[in-house]
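Accompanying notes for the structure given below.
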Amino acid sequence: MIFRLEIGFALKKWTRWFSLLSLLVLVFPLIPAKAQQTQPDQPVYVVQEGDTLWEIAQRFHVSLDDLVRVNDITDPARIASGDQLIIPGLTGIKGVLTTQPVTYGETLRSISRKLGVNQQTLARLNHLSSPVELYAGYSLVVPLTEGGIPPAQRAMISPRETLLEQAVLLGANPWQLALRNNLAGLAQAIPGDILLFTGEDDGGPSALPEGIRAVALDPIPLQQGKAASVKVVTPMAINLSGSLVDHPLHFFSLNEETYAALQGIHAMAEPGLYPLQLQGQLEDGSQFAFSQMVPVSAVNYPFDTPLVVDPATVDPAVTEPEDEIWSALMEPATPERLWDGVFRLPSPLPVDYCLETNECWSSRFGNRRSYNGSPYLYFHTGLDVVGKVGTEIYAPAPGVVVFAGPLTVRGNATVINHGWGVYTAYMHQSEILVEVGERVETGQLIGRVGATGRVQGPHLHWEVWAGGVQVDPLDWLQRSYP
Ligand SMILES: [Zn+2]
């Protein structure tokens, strides 16, 4: 009952106050003993509308158990906005705390300057032992001080409104808005969502090199088997390069002020922190470089039952040379972006029905696989779209054919280059209806489903590649990249 003393201020409704009063009467015998502990030598967080205890524990990097215990909470499902929760583990620090996400380009130093809070306090509040731990997307615990961060305000996304439009209306930075609201990307906010925003466009000092106004990552955290979009906003023409999770980034001009790069995160990448490095040259010839850690999180891909196959199927002597040819095809990032918007399903099946029911694929991307008793070292590199021998295969987006021919494992295969390092590939076809060098348009018939190569039965194995790495094709049917 540590909220007792302050709760009256936060609660504006009399009805609520009365019910609380009756509660106080019930627990009256406890008051003299407990009142001592309400002296705030521990910092508190004021519960906001829509908060859950689990989410608060996550944001403040404390365990749910500790939060429940230190606050004497009997029913974790029943916390109310205005309640003050002690944040455990920070004895000696007083005041009200809040959290804000770290954006790429912010360091402990730049945040310390912006908020006027010394670095040691920030480090202590966040249990940071090294500045390297302050990765992009980190939920930073900060003191809510007068003249500091304004209290969070709320706004609801109305129907037909996107997060981008909402951000424009609020005068907020859309990327920060996404981060602040724990959205993986701008496309994730849906009508009816209540969004938190700080009400200030973040023009404060940043650790980014001069010339770079902002760097946005989508999604954040990055995810196994998903394409990462890296956007760099700069008012200048710069020569930009970089790397992410051991892959070189290929930046192209998206619009007047934005460069974008798409990079797949390997489906089996170890979850953890990886550097996102940026370097380049400004118009005046000066060089810059910046690096900050970004998180890669695990995706809950299912483990398929162990498969027993012809040992030749997984014999490295057979698979490796073909794998090399295959991945070399997807390596170049050509400067012309030939697609725009979401991809269409390369099958005659109705995509809405397929996405709703999951009935049009026999195996999804990313499933962990074991062959002939091996550990789960393998994963499913594409989406198996159901079909009979002869079912049409359509181009999902405009592109140029860069491979069309038979392979041992993959059967009759086609690869389409869509530009910017994005490729799609089609395997096990009965017929290939395009030639290398041919330009294809969305919905063009490019081949027919078959059972060529090493397969159990007819189906289309469809792959999407970004930056030389296979990514989940289903994402490309549901959102547009970059
Ligand atoms: Zn497959």
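Quick note on naming: the chains in the structure tokens go A, B, ... in the order shown, residues restart at 1 in each chain, and ligands are numbered from 1 in order of appearance.
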Using backbone DSSP assignments, extract all alpha helix (DSSP H) residues from stretch 294-457 of chain A; output them as a ChimeraX atom specification.
/A:316-329,351-357
Please, which residues have at least one atom within 12 Å of an atom of ligand 1, using only C-alpha atoms and all ligand atoms, listed as a ChimeraX atom specification?
/A:361-367,369,379-386,409-411,425-428,451,453-464,472-473
Shell around A:Ile87 at 8 Å using only C-alpha atoms, local window under 4 positions removed, as a ChimeraX atom specification:
/A:42-45,60,62,67
For A:Val215, which of A:Glu106, A:Glu55, A:Glu331, A:Glu359 is the closest residue, counting only C-alpha atoms?
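The answer is A:Glu106, which sits nearest to A:Val215.
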Show which residues sit within 8 Å of A:His250, as a PyMOL selection string. Count only C-alpha atoms, and ignore same-chain residues fewer than 2 positions away.
chain A and resi 241-242+248+252+261-262+333+420-421+467
Interatomic distance, atom CA of A:Pro311 to atom CA of A:Ala328 (Å, one decimal)
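The value is 25.0 Å.
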List every residue of stretch 295-431 of chain A that DSSP, applied to the backbone of this structure, places in strand (DSSP E), and write the result as a count of residues only.
44
Of the residues A:Ile393, A:Val471, A:Cys354, A:Leu222, which is the one nearest to A:Val434, using only C-alpha atoms?
A:Ile393
Can you tell me, as a PDB file with C-alpha atoms, in the first residue's frame, what residues are no more than 12 Å from A:Leu240 when counting only C-alpha atoms, ignoring any on the same chain fewer than 3 positions away?
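Result file is around_37.pdb:
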ATOM      1  CA  GLY A 211      25.402  16.352 -41.939  1.00  0.00           C
ATOM      2  CA  ILE A 212      23.283  13.416 -40.756  1.00  0.00           C
ATOM      3  CA  VAL A 230      18.027   1.588 -42.735  1.00  0.00           C
ATOM      4  CA  LYS A 231      17.175   5.176 -43.638  1.00  0.00           C
ATOM      5  CA  VAL A 232      19.584   8.054 -43.303  1.00  0.00           C
ATOM      6  CA  VAL A 233      18.156  11.568 -43.430  1.00  0.00           C
ATOM      7  CA  THR A 234      20.544  14.278 -44.535  1.00  0.00           C
ATOM      8  CA  MET A 236      23.354  17.090 -48.127  1.00  0.00           C
ATOM      9  CA  ALA A 237      24.480  14.936 -51.005  1.00  0.00           C
ATOM     10  CA  SER A 243      27.670  -2.399 -42.563  1.00  0.00           C
ATOM     11  CA  PRO A 248      27.952  -4.285 -46.335  1.00  0.00           C
ATOM     12  CA  LEU A 249      25.067  -1.842 -46.661  1.00  0.00           C
ATOM     13  CA  HIS A 250      24.194  -0.528 -50.102  1.00  0.00           C
ATOM     14  CA  PHE A 251      22.594   2.902 -49.831  1.00  0.00           C
ATOM     15  CA  PHE A 252      20.492   4.414 -52.574  1.00  0.00           C
ATOM     16  CA  SER A 253      18.680   7.714 -52.794  1.00  0.00           C
ATOM     17  CA  THR A 258      16.792  10.258 -47.551  1.00  0.00           C
ATOM     18  CA  TYR A 259      19.128   7.407 -48.382  1.00  0.00           C
ATOM     19  CA  ALA A 260      17.877   3.883 -47.807  1.00  0.00           C
ATOM     20  CA  ALA A 261      19.455   0.434 -47.612  1.00  0.00           C
ATOM     21  CA  GLN A 277      28.374   1.152 -38.852  1.00  0.00           C
ATOM     22  CA  LEU A 278      28.012   4.167 -41.102  1.00  0.00           C
ATOM     23  CA  GLN A 279      30.753   6.011 -42.884  1.00  0.00           C
ATOM     24  CA  GLY A 280      30.992   8.428 -45.719  1.00  0.00           C
ATOM     25  CA  GLN A 281      32.154  11.654 -47.157  1.00  0.00           C
ATOM     26  CA  LEU A 282      30.441  15.036 -47.147  1.00  0.00           C
ATOM     27  CA  GLU A 283      30.337  17.360 -50.156  1.00  0.00           C
ATOM     28  CA  GLN A 287      35.061  12.066 -43.833  1.00  0.00           C
ATOM     29  CA  PHE A 288      32.817  10.769 -41.083  1.00  0.00           C
ATOM     30  CA  ALA A 289      32.209   7.466 -39.338  1.00  0.00           C
ATOM     31  CA  PHE A 290      29.775   6.388 -36.666  1.00  0.00           C
TER      32      PHE A 290
END
Given only C-alpha atoms as the counted atoms, nearest of A:Met330, A:Val401, A:Val296, A:Leu115 to A:Pro143:
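Checking each candidate against A:Pro143, we get A:Leu115 as the closest.
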Neighbours of A:Glu431 within 8 Å (only C-alpha atoms; same-chain residues fewer than 6 positions away dropped), as a ChimeraX atom specification?
/A:390,412,447-450
Could you jot down the atom CA of A:Tyr481 to atom CA of A:Ala227 separation for me, Å, one decimal place?
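Atom CA of A:Ala227 lies 8.6 Å from atom CA of A:Tyr481.
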Find the residues near A:Asp310: any atom within 9 Å, counting only C-alpha atoms, skip ones fewer than 3 places away on the same chain, and give them as an NGL selection string.
:A and (313-314 or 372)
Export, as a CSV table (one decimal), in the first residue's frame, the selected residues with N, CA and C atoms.
chain,number,residue,atom,x,y,z
A,313,THR,N,21.1,-35.5,-50.7
A,313,THR,CA,20.4,-34.2,-50.6
A,313,THR,C,21.1,-33.3,-49.8
A,314,VAL,N,21.7,-33.8,-48.7
A,314,VAL,CA,22.4,-32.9,-47.7
A,314,VAL,C,24.0,-33.1,-47.8
A,372,ASN,N,18.4,-36.3,-41.2
A,372,ASN,CA,19.0,-37.6,-40.9
A,372,ASN,C,19.7,-37.6,-39.5
Any idea what the distance is between atom CA of A:Glu257 and atom CA of A:Val102?
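Value for the atom CA of A:Glu257-atom CA of A:Val102 distance: 22.5 Å.
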Between A:Thr391, A:Pro131, A:Ile325, A:Val68, which one has atoms that come closest to A:Leu349, using only C-alpha atoms?
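Between A:Thr391, A:Pro131, A:Ile325, A:Val68, the residue approaching A:Leu349 most closely is A:Thr391.
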Nearest residue to A:Ala80 out of A:Val46, A:Val96, A:Val469, A:Ala228, using only C-alpha atoms?
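Among the listed residues, A:Val46 lies closest to A:Ala80.
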